[in-house]
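File shown: work08.pdb (PDB, C-alpha atoms, pLDDT in the B column).
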```
ATOM      1  CA  MET A1241      87.272  92.620 115.196  1.00 64.00           C
ATOM      2  CA  GLN A1242      90.754  93.609 116.369  1.00 62.00           C
ATOM      3  CA  SER A1243      90.177  92.210 119.844  1.00 68.00           C
ATOM      4  CA  LEU A1244      88.871  88.969 118.335  1.00 68.00           C
ATOM      5  CA  LEU A1245      92.024  88.596 116.226  1.00 61.00           C
ATOM      6  CA  GLU A1246      94.300  89.400 119.133  1.00 60.00           C
ATOM      7  CA  ALA A1247      92.520  86.954 121.433  1.00 65.00           C
ATOM      8  CA  ASN A1248      92.612  84.032 119.007  1.00 62.00           C
ATOM      9  CA  TYR A1249      95.682  84.422 116.824  1.00 60.00           C
ATOM     10  CA  ALA A1250      99.320  85.273 117.417  1.00 66.00           C
ATOM     11  CA  VAL A1251      99.195  88.353 115.198  1.00 69.00           C
ATOM     12  CA  GLY A1252      99.911  91.987 115.759  1.00 75.00           C
ATOM     13  CA  VAL A1253      97.307  94.419 114.506  1.00 73.00           C
ATOM     14  CA  VAL A1254      98.333  97.823 113.179  1.00 79.00           C
ATOM     15  CA  GLU A1255      96.258 100.544 111.555  1.00 84.00           C
ATOM     16  CA  GLY A1256      97.526 103.749 110.022  1.00 84.00           C
ATOM     17  CA  LEU A1257      97.417 106.456 107.412  1.00 84.00           C
ATOM     18  CA  LEU A1258      99.050 106.489 103.974  1.00 78.00           C
ATOM     19  CA  ASP A1259     100.544 109.911 104.648  1.00 81.00           C
ATOM     20  CA  ASP A1260     104.198 110.952 104.245  1.00 77.00           C
ATOM     21  CA  ASN A1261     105.174 109.425 107.597  1.00 78.00           C
ATOM     22  CA  LEU A1262     102.880 106.366 107.504  1.00 81.00           C
ATOM     23  CA  THR A1263     101.372 107.522 110.780  1.00 85.00           C
ATOM     24  CA  VAL A1264     100.277 104.704 113.084  1.00 84.00           C
ATOM     25  CA  THR A1265      96.799 105.410 114.454  1.00 86.00           C
ATOM     26  CA  TYR A1266      96.471 102.115 116.357  1.00 85.00           C
ATOM     27  CA  ALA A1267      98.800  99.235 117.166  1.00 82.00           C
ATOM     28  CA  SER A1268      98.070  96.290 119.417  1.00 80.00           C
ATOM     29  CA  ARG A1269     100.333  95.261 122.258  1.00 80.00           C
ATOM     30  CA  LEU A1270     101.176  92.096 120.335  1.00 81.00           C
ATOM     31  CA  PHE A1271     102.343  94.191 117.341  1.00 81.00           C
ATOM     32  CA  TYR A1272     104.834  95.946 119.621  1.00 79.00           C
ATOM     33  CA  LYS A1273     105.816  92.662 121.236  1.00 79.00           C
ATOM     34  CA  HIS A1274     106.703  91.215 117.810  1.00 79.00           C
ATOM     35  CA  LEU A1275     108.979  94.218 117.266  1.00 79.00           C
ATOM     36  CA  GLY A1276     110.727  93.466 120.539  1.00 80.00           C
ATOM     37  CA  TYR A1277     109.876  96.816 122.107  1.00 74.00           C
ATOM     38  CA  GLY A1278     107.312  98.183 124.503  1.00 73.00           C
ATOM     39  CA  THR A1279     104.682 100.660 123.314  1.00 71.00           C
ATOM     40  CA  ASP A1280     106.388 103.572 125.075  1.00 76.00           C
ATOM     41  CA  ASP A1281     109.755 102.737 123.477  1.00 72.00           C
ATOM     42  CA  VAL A1282     108.355 102.778 119.951  1.00 69.00           C
ATOM     43  CA  LYS A1283     106.348 105.956 120.512  1.00 71.00           C
ATOM     44  CA  ARG A1284     109.436 107.686 121.908  1.00 73.00           C
ATOM     45  CA  PHE A1285     111.841 106.869 119.102  1.00 66.00           C
ATOM     46  CA  ASN A1286     109.580 106.914 116.068  1.00 66.00           C
ATOM     47  CA  GLY A1287     106.888 109.513 116.753  1.00 70.00           C
ATOM     48  CA  HIS A1288     104.011 107.201 115.790  1.00 76.00           C
ATOM     49  CA  SER A1289     105.458 106.596 112.319  1.00 81.00           C
ATOM     50  CA  PHE A1290     105.508 103.147 110.759  1.00 80.00           C
ATOM     51  CA  LEU A1291     108.109 104.397 108.283  1.00 80.00           C
ATOM     52  CA  TYR A1292     110.685 104.745 111.068  1.00 79.00           C
ATOM     53  CA  ILE A1293     110.201 101.147 112.164  1.00 80.00           C
ATOM     54  CA  VAL A1294     111.660 100.078 108.797  1.00 83.00           C
ATOM     55  CA  HIS A1295     115.459  99.751 108.855  1.00 85.00           C
ATOM     56  CA  LEU A1296     117.240 102.875 107.628  1.00 88.00           C
ATOM     57  CA  ASP A1297     118.896 100.996 104.742  1.00 94.00           C
ATOM     58  CA  ASP A1298     115.468  99.901 103.438  1.00 91.00           C
ATOM     59  CA  ARG A1299     113.447 103.015 104.219  1.00 87.00           C
ATOM     60  CA  GLY A1300     113.858 104.835 100.885  1.00 86.00           C
ATOM     61  CA  GLN A1301     112.843 101.824  98.810  1.00 89.00           C
ATOM     62  CA  PHE A1302     109.972 101.071 101.177  1.00 84.00           C
ATOM     63  CA  ALA A1303     108.623 104.648 101.033  1.00 80.00           C
ATOM     64  CA  ALA A1304     109.002 104.765  97.233  1.00 84.00           C
ATOM     65  CA  ALA A1305     107.034 101.540  96.814  1.00 83.00           C
ATOM     66  CA  ILE A1306     104.203 102.879  98.929  1.00 79.00           C
ATOM     67  CA  ALA A1307     104.180 106.209  97.080  1.00 79.00           C
ATOM     68  CA  ARG A1308     104.145 104.385  93.755  1.00 81.00           C
ATOM     69  CA  ASP A1309     101.693 101.599  94.555  1.00 77.00           C
ATOM     70  CA  GLY A1310      99.718 102.999  97.477  1.00 70.00           C
ATOM     71  CA  ALA A1311     100.340  99.752  99.333  1.00 63.00           C
ATOM     72  CA  LEU A1312     102.991  97.872 101.225  1.00 58.00           C
ATOM     73  CA  PRO A1313     105.617  96.217  99.039  1.00 51.00           C
ATOM     74  CA  THR A1314     105.387  92.460  98.646  1.00 52.00           C
TER      75      THR A1314
END
```
Kindly return the structure encoded in the file as structure tokens.
Amino acid sequence: MQSLLEANYAVGVVEGLLDDNLTVTYASRLFYKHLGYGTDDVKRFNGHSFLYIVHLDDRGQFAAAIARDGALPT
């Protein structure tokens, strides 16, 4: 399914865990491209954590919303 989405739509696909660090278990190349970084860059500076992709000023509110709601904030 992921390869079908990537081949036919301009979307990045990301999959992860709802743990304390929001660990990324899979991210497509297009996901990284939308961030403006290569896969190695993101892995190096964030340790596979989606939480650290969120800007520092927004990180606390973002993490609190996920802890409270169990989902990404809207």
Pick from A:Leu1257, A:Gly1252, A:Lys1283, A:Leu1291, whichever lies nearest to Ala1303 in chain A using all atoms listed in the file: A:Leu1291
Could you tell me, as a PyMOL selection string, exactly which residues end up selected when the PyMOL selection byres ((chain A and resi 1269) around 10) is applied to this structure? chain A and resi 1246+1251-1254+1266-1268+1270-1274+1277-1279
With C-alpha atoms retained, write the just-selected residues as a PDB file, in the frame of the given file.
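Dumped everything to part-v1.pdb:
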```pdb
ATOM      1  CA  GLU A1246      94.300  89.400 119.133  1.00 60.00           C
ATOM      2  CA  VAL A1251      99.195  88.353 115.198  1.00 69.00           C
ATOM      3  CA  GLY A1252      99.911  91.987 115.759  1.00 75.00           C
ATOM      4  CA  VAL A1253      97.307  94.419 114.506  1.00 73.00           C
ATOM      5  CA  VAL A1254      98.333  97.823 113.179  1.00 79.00           C
ATOM      6  CA  TYR A1266      96.471 102.115 116.357  1.00 85.00           C
ATOM      7  CA  ALA A1267      98.800  99.235 117.166  1.00 82.00           C
ATOM      8  CA  SER A1268      98.070  96.290 119.417  1.00 80.00           C
ATOM      9  CA  LEU A1270     101.176  92.096 120.335  1.00 81.00           C
ATOM     10  CA  PHE A1271     102.343  94.191 117.341  1.00 81.00           C
ATOM     11  CA  TYR A1272     104.834  95.946 119.621  1.00 79.00           C
ATOM     12  CA  LYS A1273     105.816  92.662 121.236  1.00 79.00           C
ATOM     13  CA  HIS A1274     106.703  91.215 117.810  1.00 79.00           C
ATOM     14  CA  TYR A1277     109.876  96.816 122.107  1.00 74.00           C
ATOM     15  CA  GLY A1278     107.312  98.183 124.503  1.00 73.00           C
ATOM     16  CA  THR A1279     104.682 100.660 123.314  1.00 71.00           C
TER      17      THR A1279
END
```
When the PyMOL selection byres ((chain A and resi 1288) around 12) is applied to the structure above, which residues does it catch, written out as a VMD selection string? chain A and resid 1254 to 1257 1259 1261 to 1267 1272 1279 to 1287 1289 to 1293
Residue members of the PyMOL selection byres ((chain A and resi 1302) around 12) in the file shown, as an MDAnalysis selection string: chainID A and resid 1260:1262 1290:1301 1303:1314
Please dump the current selection as a compact mmCIF listing (two decimals), in the frame of the given file; keep C-alpha atoms.
```txt
# COMPACT_ATOMS: atom_id res chain seq x y z
CA ASP A 1260 104.20 110.95 104.24
CA ASN A 1261 105.17 109.42 107.60
CA LEU A 1262 102.88 106.37 107.50
CA PHE A 1290 105.51 103.15 110.76
CA LEU A 1291 108.11 104.40 108.28
CA TYR A 1292 110.68 104.74 111.07
CA ILE A 1293 110.20 101.15 112.16
CA VAL A 1294 111.66 100.08 108.80
CA HIS A 1295 115.46 99.75 108.86
CA LEU A 1296 117.24 102.88 107.63
CA ASP A 1297 118.90 101.00 104.74
CA ASP A 1298 115.47 99.90 103.44
CA ARG A 1299 113.45 103.02 104.22
CA GLY A 1300 113.86 104.84 100.88
CA GLN A 1301 112.84 101.82 98.81
CA ALA A 1303 108.62 104.65 101.03
CA ALA A 1304 109.00 104.76 97.23
CA ALA A 1305 107.03 101.54 96.81
CA ILE A 1306 104.20 102.88 98.93
CA ALA A 1307 104.18 106.21 97.08
CA ARG A 1308 104.14 104.38 93.76
CA ASP A 1309 101.69 101.60 94.56
CA GLY A 1310 99.72 103.00 97.48
CA ALA A 1311 100.34 99.75 99.33
CA LEU A 1312 102.99 97.87 101.22
CA PRO A 1313 105.62 96.22 99.04
CA THR A 1314 105.39 92.46 98.65
```
